[in-house]
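Take a look at the structure set out below.
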Amino acid sequence: MSKRNFEDYNLSDTIKRALDVLKYENPTEVQREVIPRAMENEDLVVKSQTGTGKTASFGIPICQMIEWEEKNPQAIILTPTRELAVQVREDVTNIGRFKRIKAAAVYGKEPFARQKEELKQKTHVVVGTPGRVMDHIERGTLALDQINYLIIDEADEMLNMGFINEVESIIKELPANRATMVFSATLPKDVENLCYKYMKNPTHIDIEDTGITTSTIQHKLIEVKNEEKISLLKDVTVVENPDSCIIFCRTKEHVDIVFTELDQANYPCQRLHGGLEQDDRFAVMEGFKTGEFRYLVATDVAARGIDIDNVTLVINYDVPMEKESYVHRTGRTGRVGNKGKAITFANPNEGKKLNSIERYIGFEIPVIEAPNRQEVASTQATFDEKLSGRRIVKNNKTERINKDIMKLHFNGGKKKKIRAVDFVGTIAKIPGVSADDIGIITIKDSLSYVDILNGKGSVVLQAMENTTIKGKKLKVSKAIK
Ligand code: AMP
């Protein structure tokens with residue numbers, strides 16, 4: 001099972017092309033173990049951390065195996081948080097971009113009706129949080145008859161968040177003839193029981209790489225009294241002068257305090273915790289990803305699964321309550337080939353908690369001194385300079401994959417009896433354009449969106465200004481988003 005090259009997996013050209021644009025040159029360890037087995041429809045229990053490439057380990061085989069023509073969903077991916085659902089949907093969409101895989105994300109706190117509408121369209125993959133997925137199942141808005149794959153991502157976190165019963169109820173609704181893959185950083189008893197009960201002789205895969213490597217992440221510890229943490233935080237950030245930094249706090253209240261302090265000191269920063277509106281949470285994540293600000297102050301909400309390129313420094317402003325959380329937090333940096341640093345602030349009473357973390361990660365976190373006044377003074381000017389400049393994000397995968405894609409908006413849809421084939425038939429007849437240049441088509445009641453690939457957007461836009469679809473003249477324009 002150790003084919004070392006994406007070429008060895010019999011992937012179609014459309015998938016290989018996406019991997020190429022995403023710059024996935026060689027499979028990671030978890031991908032080498034999972035991809036070939038998933039393509040044989042084996043049931044798998046995979047112990048692995050985020051940051052190891054696990055999303056693509058199931059995303060690649062799913063995108064490969066999906067029958068494009070089928071209208072009903074063929075894979076369900078369950079995630080514990082809404083942020084992760086959105087992230088996984090994005091990863092799957094990117095991998096399946098050139099095969100025109102349509103992935104939908106469904107999660108709580110977003111209007112049900114909007115998701116219901118989306119699910120009425122052709123949808124290959126549904127990614128969602130258990131509660132909302134169950135809701136859709138119960139209300140008959142999510143068809144299950146074609147589900148061939150169930151992926152349970154971050155299963156241990158599902159358990160921590162009390163979702164395990166909902167996960168079980170969902171499993172019971174699914175066709176028995178499916179492949180199930182469970183991904184989890186740890187395998188608590190309840191997760192194992194679930195696997196035992198509902199999986200067919202699953203293969204256990206244990207990816208040793210915990211993501212907690214001293215080779216890519218430098219771990220440091222600074223001892224500090226609670227009342228001196230803020231000033232230590234400022235000193236550390238000046239001396240480290242990170243390109244991008246996540247500061248983790250234990251509670252919402254601490255996040256608010258730290259955020260206010262940094263904001264007042266003119267740090268380009270934002271905050272993220274469960275008390276914020278969902279839209280604001282997404283906006284903050286997106287802003288951090290695209291480099292609008294350098295400092296993110298967050299509770300553990302942001303620690304799980306979220307893929308942000310190039311976080312150079314993680315600061316544990318508070319020692320995490322759970323040892324696993326240390327791994328998730330620090331795993332935000334040093335991702336796939338990058339180097340990172342994780343600095344933990346610990347007050348004199350936190351020895352016990354630290355011991356438990358150190359036992360878990362298998363090494364002692366080296367203690368360093370707080371930066372002294374001289375060090376801070378000598379780096380202040382460089383720090384101030386960087387603070388006023390924008391962060392450059394070098395590796396926005398989604399942007400790269402969408403580079404040659406233009407979304408067109410047509411002012412007609414179902415009410416005019418227009419179907420996807422009508423768009424394909426018309427657009428593929430434009431000189432120099434073929435069906436391969438047409439991406440995802442979304443048809444709503446009175447409007448439609450058509451993605452045009454391969455840099456052919458302008459040609460199609462121009463041609464469609466003077467072409468009818470099914471004998472009807474529609475207004476066409478470049479879609480705003
Ligand atoms: P994950 O463990 O799914 O959170 O993935 C961690 C990061 O690795 C993400 O930024 C992925 O886009 C990236 N990644 C996944 N597979 C590969 C690969 N084969 N080569 C390089 N980067 C990858």
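Naming scheme: A, B, ... for chains in displayed order of the structure tokens; residues 1 onward per chain; ligands 1 onward as shown.
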* Close residues, Lys229 (chain A) itself excluded, 12 Å, only C-alpha atoms, min 3 positions apart in chain, as a list of chain:residue names -> A:Ile222, A:Glu223, A:Val224, A:Lys225, A:Asn226, A:Leu232, A:Leu233, A:Lys234, A:Asp235, A:Val236, A:Ile247, A:Cys249, A:His254, A:Ile257, A:Val258, A:Glu261, A:Ile315, A:Asn316, A:Tyr317, A:Asp318, A:Val319, A:Thr344, A:Phe345, A:Ala346, A:Asn347, A:Ala370
Only N, CA and C atoms, please: the residues just picked out, written as a PDB file, in the first residue's frame.
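That gives us again.pdb:
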ATOM      1  N   ILE A 222       7.143  29.807  28.320  1.00  0.00           N
ATOM      2  CA  ILE A 222       7.599  30.926  29.145  1.00  0.00           C
ATOM      3  C   ILE A 222       6.749  30.957  30.410  1.00  0.00           C
ATOM      4  N   GLU A 223       7.411  31.018  31.557  1.00  0.00           N
ATOM      5  CA  GLU A 223       6.660  31.074  32.814  1.00  0.00           C
ATOM      6  C   GLU A 223       6.337  32.517  33.134  1.00  0.00           C
ATOM      7  N   VAL A 224       5.084  32.757  33.527  1.00  0.00           N
ATOM      8  CA  VAL A 224       4.641  34.141  33.714  1.00  0.00           C
ATOM      9  C   VAL A 224       3.452  34.181  34.679  1.00  0.00           C
ATOM     10  N   LYS A 225       3.396  35.259  35.472  1.00  0.00           N
ATOM     11  CA  LYS A 225       2.227  35.426  36.355  1.00  0.00           C
ATOM     12  C   LYS A 225       1.069  35.938  35.505  1.00  0.00           C
ATOM     13  N   ASN A 226      -0.163  35.588  35.893  1.00  0.00           N
ATOM     14  CA  ASN A 226      -1.329  35.989  35.090  1.00  0.00           C
ATOM     15  C   ASN A 226      -1.333  37.487  34.774  1.00  0.00           C
ATOM     16  N   LEU A 232       3.800  40.556  28.537  1.00  0.00           N
ATOM     17  CA  LEU A 232       4.662  39.526  27.930  1.00  0.00           C
ATOM     18  C   LEU A 232       4.245  39.288  26.476  1.00  0.00           C
ATOM     19  N   LEU A 233       2.926  39.241  26.257  1.00  0.00           N
ATOM     20  CA  LEU A 233       2.433  38.994  24.900  1.00  0.00           C
ATOM     21  C   LEU A 233       2.955  40.071  23.948  1.00  0.00           C
ATOM     22  N   LYS A 234       2.881  41.306  24.394  1.00  0.00           N
ATOM     23  CA  LYS A 234       3.360  42.391  23.529  1.00  0.00           C
ATOM     24  C   LYS A 234       4.861  42.257  23.265  1.00  0.00           C
ATOM     25  N   ASP A 235       5.609  41.947  24.308  1.00  0.00           N
ATOM     26  CA  ASP A 235       7.066  41.802  24.127  1.00  0.00           C
ATOM     27  C   ASP A 235       7.394  40.653  23.176  1.00  0.00           C
ATOM     28  N   VAL A 236       6.715  39.530  23.367  1.00  0.00           N
ATOM     29  CA  VAL A 236       7.004  38.356  22.529  1.00  0.00           C
ATOM     30  C   VAL A 236       6.679  38.654  21.062  1.00  0.00           C
ATOM     31  N   ILE A 247      -3.301  33.702  18.551  1.00  0.00           N
ATOM     32  CA  ILE A 247      -3.143  33.722  20.002  1.00  0.00           C
ATOM     33  C   ILE A 247      -4.344  32.992  20.599  1.00  0.00           C
ATOM     34  N   CYS A 249      -6.695  31.596  23.585  1.00  0.00           N
ATOM     35  CA  CYS A 249      -7.090  31.815  24.973  1.00  0.00           C
ATOM     36  C   CYS A 249      -8.105  30.755  25.372  1.00  0.00           C
ATOM     37  N   HIS A 254     -11.335  35.998  27.926  1.00  0.00           N
ATOM     38  CA  HIS A 254      -9.901  36.271  27.713  1.00  0.00           C
ATOM     39  C   HIS A 254      -9.660  36.752  26.283  1.00  0.00           C
ATOM     40  N   ILE A 257     -10.552  40.353  26.144  1.00  0.00           N
ATOM     41  CA  ILE A 257      -9.577  41.220  26.827  1.00  0.00           C
ATOM     42  C   ILE A 257      -8.314  41.376  25.977  1.00  0.00           C
ATOM     43  N   VAL A 258      -7.789  40.258  25.518  1.00  0.00           N
ATOM     44  CA  VAL A 258      -6.531  40.305  24.747  1.00  0.00           C
ATOM     45  C   VAL A 258      -6.752  41.083  23.448  1.00  0.00           C
ATOM     46  N   GLU A 261      -6.864  44.810  24.077  1.00  0.00           N
ATOM     47  CA  GLU A 261      -5.512  45.332  24.343  1.00  0.00           C
ATOM     48  C   GLU A 261      -4.707  45.503  23.051  1.00  0.00           C
ATOM     49  N   ILE A 315       0.631  31.350  19.751  1.00  0.00           N
ATOM     50  CA  ILE A 315       0.890  31.632  21.157  1.00  0.00           C
ATOM     51  C   ILE A 315      -0.247  31.059  21.987  1.00  0.00           C
ATOM     52  N   ASN A 316       0.093  30.206  22.932  1.00  0.00           N
ATOM     53  CA  ASN A 316      -0.909  29.742  23.887  1.00  0.00           C
ATOM     54  C   ASN A 316      -0.899  30.741  25.028  1.00  0.00           C
ATOM     55  N   TYR A 317      -1.763  31.714  24.935  1.00  0.00           N
ATOM     56  CA  TYR A 317      -1.846  32.746  25.980  1.00  0.00           C
ATOM     57  C   TYR A 317      -2.276  32.075  27.286  1.00  0.00           C
ATOM     58  N   ASP A 318      -3.153  31.094  27.155  1.00  0.00           N
ATOM     59  CA  ASP A 318      -3.507  30.235  28.293  1.00  0.00           C
ATOM     60  C   ASP A 318      -3.133  28.805  27.938  1.00  0.00           C
ATOM     61  N   VAL A 319      -2.639  28.083  28.918  1.00  0.00           N
ATOM     62  CA  VAL A 319      -2.379  26.652  28.690  1.00  0.00           C
ATOM     63  C   VAL A 319      -3.726  25.991  28.391  1.00  0.00           C
ATOM     64  N   THR A 344       4.143  28.838  24.565  1.00  0.00           N
ATOM     65  CA  THR A 344       3.077  28.684  25.563  1.00  0.00           C
ATOM     66  C   THR A 344       3.396  29.503  26.806  1.00  0.00           C
ATOM     67  N   PHE A 345       2.398  30.263  27.278  1.00  0.00           N
ATOM     68  CA  PHE A 345       2.553  31.001  28.527  1.00  0.00           C
ATOM     69  C   PHE A 345       1.954  30.146  29.645  1.00  0.00           C
ATOM     70  N   ALA A 346       2.725  29.935  30.681  1.00  0.00           N
ATOM     71  CA  ALA A 346       2.192  29.128  31.787  1.00  0.00           C
ATOM     72  C   ALA A 346       2.397  29.856  33.108  1.00  0.00           C
ATOM     73  N   ASN A 347       1.353  29.914  33.935  1.00  0.00           N
ATOM     74  CA  ASN A 347       1.544  30.539  35.242  1.00  0.00           C
ATOM     75  C   ASN A 347       2.056  29.478  36.229  1.00  0.00           C
ATOM     76  N   ALA A 370      11.581  35.195  29.312  1.00  0.00           N
ATOM     77  CA  ALA A 370      10.824  36.240  28.612  1.00  0.00           C
ATOM     78  C   ALA A 370      11.828  37.192  27.957  1.00  0.00           C
TER      79      ALA A 370
END
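Where the distance criterion is 6 Å and the atoms used are only C-alpha atoms and all ligand atoms, the residues close to ligand 1 are Tyr24, Glu25, Asn26, Pro27, Thr28, Thr50, Gly51, Thr52, Gly53, Lys54, Thr55, Ala56, Gly305, Asp307 and Val336 of chain A.
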Kindly export the residues of the current selection with C-alpha atoms, as a short mmCIF file (atom, residue, chain, number, x, y, z; two decimals), in the first residue's frame.
data_model
loop_
_atom_site.label_atom_id
_atom_site.label_comp_id
_atom_site.auth_asym_id
_atom_site.auth_seq_id
_atom_site.Cartn_x
_atom_site.Cartn_y
_atom_site.Cartn_z
CA TYR A 24 0.18 18.48 -4.32
CA GLU A 25 3.20 16.85 -5.88
CA ASN A 26 3.50 13.71 -3.81
CA PRO A 27 0.98 11.99 -1.58
CA THR A 28 1.48 12.45 2.15
CA THR A 50 -5.03 17.57 10.90
CA GLY A 51 -2.13 19.04 9.01
CA THR A 52 -1.17 15.65 7.61
CA GLY A 53 -3.20 16.03 4.43
CA LYS A 54 -6.10 13.93 5.67
CA THR A 55 -8.84 15.96 4.00
CA ALA A 56 -7.39 15.25 0.59
CA GLY A 305 -9.11 21.36 11.31
CA ASP A 307 -6.40 25.15 7.15
CA VAL A 336 3.07 20.63 5.30
#
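Look at Thr426 (chain A): the protein and nucleic acid residues within 9 Å of it, using only C-alpha atoms and passing over chain neighbours fewer than 2 places away, are Val421, Asp422, Phe423, Val424, Ala428, Lys429, Ile430, Met464, Thr467, Thr468, Ile469 and Lys470 of chain A.
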Export, as a PDB file, in the first residue's frame, the selected residues with C-alpha atoms.
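Okay, this is what ended up in result.pdb:
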ATOM      1  CA  VAL A 421     -28.159  20.542 -20.861  1.00  0.00           C
ATOM      2  CA  ASP A 422     -29.542  23.617 -22.601  1.00  0.00           C
ATOM      3  CA  PHE A 423     -26.584  25.659 -21.390  1.00  0.00           C
ATOM      4  CA  VAL A 424     -24.095  22.946 -22.297  1.00  0.00           C
ATOM      5  CA  ALA A 428     -20.310  24.100 -26.467  1.00  0.00           C
ATOM      6  CA  LYS A 429     -21.282  25.287 -29.937  1.00  0.00           C
ATOM      7  CA  ILE A 430     -19.375  28.562 -29.544  1.00  0.00           C
ATOM      8  CA  MET A 464     -23.852  34.692 -25.291  1.00  0.00           C
ATOM      9  CA  THR A 467     -27.152  33.891 -28.639  1.00  0.00           C
ATOM     10  CA  THR A 468     -30.447  32.439 -27.467  1.00  0.00           C
ATOM     11  CA  ILE A 469     -30.837  29.484 -25.145  1.00  0.00           C
ATOM     12  CA  LYS A 470     -33.724  27.207 -26.025  1.00  0.00           C
TER      13      LYS A 470
END
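Scanning region 1-159 of chain A with DSSP on the backbone, the strand (DSSP E) assignments fall on Leu44, Val45, Val46, Lys47, Ala75, Ile76, Ile77, Leu78, Ala103, Ala104, Ala105, Val106, Val125, Val126, Val127, Gly128, Tyr149, Leu150, Ile151 and Ile152 of chain A.
Counting only C-alpha atoms, Pro320 (chain A) has the following residues at most 12 Å away, ignoring those fewer than 6 positions along the same chain: A:Ile247, A:Phe248, A:Cys249, A:Arg250, A:Thr251, A:Thr299, A:Asp300, A:Ala303, A:Tyr326, A:Val327, A:His328, A:Arg329, A:Thr330, A:Thr344, A:Phe345, A:Ala346, A:Glu350, A:Lys352, A:Lys353, A:Leu354, A:Ser356, A:Ile357.
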Mind checking which residues fall within 12 Å of His204 (chain A), counting only C-alpha atoms, ignoring those fewer than 6 positions away in the same chain, and posting them as a compact mmCIF listing (two decimals) with N, CA and C atoms, in the first residue's frame?
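New file selection-v8.txt:
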# COMPACT_ATOMS: atom_id res chain seq x y z
N VAL A 30 -0.64 9.76 5.04
CA VAL A 30 -2.05 9.33 5.21
C VAL A 30 -2.70 9.12 3.83
N GLU A 33 -1.74 5.76 2.41
CA GLU A 33 -2.45 4.65 3.06
C GLU A 33 -3.93 4.62 2.65
N VAL A 34 -4.53 5.80 2.58
CA VAL A 34 -5.99 5.85 2.42
C VAL A 34 -6.44 5.76 0.96
N ARG A 37 -6.94 2.31 -0.76
CA ARG A 37 -7.95 1.49 -0.09
C ARG A 37 -9.34 2.07 -0.30
N GLU A 42 -12.97 0.09 0.71
CA GLU A 42 -12.76 -0.53 2.02
C GLU A 42 -13.25 0.39 3.12
N ASP A 43 -13.72 -0.17 4.23
CA ASP A 43 -14.02 0.62 5.41
C ASP A 43 -12.71 0.91 6.15
N LEU A 44 -12.55 2.15 6.61
CA LEU A 44 -11.28 2.53 7.21
C LEU A 44 -11.48 3.30 8.52
N VAL A 45 -10.63 3.00 9.48
CA VAL A 45 -10.57 3.82 10.69
C VAL A 45 -9.16 4.41 10.71
N VAL A 46 -9.09 5.71 10.59
CA VAL A 46 -7.78 6.33 10.41
C VAL A 46 -7.47 7.24 11.59
N LYS A 47 -6.39 6.91 12.27
CA LYS A 47 -5.98 7.76 13.38
C LYS A 47 -4.96 8.75 12.82
N SER A 48 -5.39 9.98 12.69
CA SER A 48 -4.42 10.96 12.18
C SER A 48 -4.86 12.37 12.55
N MET A 181 -15.58 5.77 6.31
CA MET A 181 -14.22 6.10 6.76
C MET A 181 -14.33 7.01 7.97
N VAL A 182 -13.64 6.64 9.02
CA VAL A 182 -13.66 7.44 10.24
C VAL A 182 -12.26 8.01 10.45
N PHE A 183 -12.19 9.32 10.63
CA PHE A 183 -10.91 9.97 10.90
C PHE A 183 -10.95 10.56 12.30
N SER A 184 -9.90 10.34 13.05
CA SER A 184 -9.91 10.82 14.41
C SER A 184 -8.47 10.97 14.91
N LEU A 187 -8.58 7.72 19.53
CA LEU A 187 -9.70 6.79 19.36
C LEU A 187 -10.31 6.41 20.71
N GLU A 192 -14.56 3.96 19.07
CA GLU A 192 -14.26 2.58 18.65
C GLU A 192 -15.53 1.73 18.59
N CYS A 195 -17.47 2.39 15.53
CA CYS A 195 -16.86 1.77 14.36
C CYS A 195 -17.17 0.28 14.32
N TYR A 196 -17.04 -0.33 15.49
CA TYR A 196 -17.24 -1.76 15.59
C TYR A 196 -18.67 -2.12 15.19
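The closest residue to Asn94 (chain A), picked from A:Lys16, A:Arg419, A:Arg281, A:Lys197 and counting only C-alpha atoms, is A:Lys16.
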* Residue list (alpha helix (DSSP H), DSSP) for region 48-217 of chain A, as a PyMOL selection string -> chain A and resi 54-65+82-95+112-120+130-138+155-160+164-173+189-198
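In this structure, CA of Arg139 (chain A) sits 26.9 Å away from CA of Tyr449 (chain A).
The spacing separating CA of Glu83 (chain A) from CA of Asp20 (chain A) amounts to 25.8 Å.
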* Top pick for closest residue to Ala18 (chain A), considering A:Asp91, A:Glu166, A:Glu67, A:Glu253 and counting only C-alpha atoms -> A:Asp91
At a cut-off of 8 Å, using only C-alpha atoms, what residues contact Ile246 (chain A)? Leave out same-chain residues fewer than 6 positions from it and give the result as a short mmCIF file (atom, residue, chain, number, x, y, z; two decimals) with N, CA and C atoms, in the first residue's frame.
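See part.cif below for the written result:
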data_model
loop_
_atom_site.label_atom_id
_atom_site.label_comp_id
_atom_site.auth_asym_id
_atom_site.auth_seq_id
_atom_site.Cartn_x
_atom_site.Cartn_y
_atom_site.Cartn_z
N TYR A 295 -2.91 39.18 13.19
CA TYR A 295 -3.08 38.56 14.51
C TYR A 295 -4.52 38.12 14.72
N LEU A 296 -4.69 36.86 15.04
CA LEU A 296 -6.01 36.34 15.33
C LEU A 296 -6.04 35.86 16.77
N VAL A 297 -6.95 36.43 17.57
CA VAL A 297 -7.09 36.00 18.95
C VAL A 297 -8.31 35.08 19.01
N ALA A 298 -8.13 33.86 19.51
CA ALA A 298 -9.21 32.88 19.35
C ALA A 298 -9.30 31.90 20.51
N VAL A 311 0.71 30.19 8.95
CA VAL A 311 0.70 30.77 10.29
C VAL A 311 2.10 30.53 10.84
N LEU A 313 3.44 31.79 13.80
CA LEU A 313 3.59 31.72 15.26
C LEU A 313 2.25 31.42 15.92
N VAL A 314 2.26 30.45 16.82
CA VAL A 314 1.08 30.20 17.66
C VAL A 314 1.47 30.54 19.09
N ILE A 315 0.63 31.35 19.75
CA ILE A 315 0.89 31.63 21.16
C ILE A 315 -0.25 31.06 21.99
#
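In this structure, CA of Glu154 (chain A) sits 26.1 Å away from CA of Leu11 (chain A).
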* Asked: With only C-alpha atoms as the basis for distance, which of A:Lys478, A:Lys122, A:Arg4, A:Lys289 is at the shortest distance from Ile405 (chain A)?
  -> A:Lys478
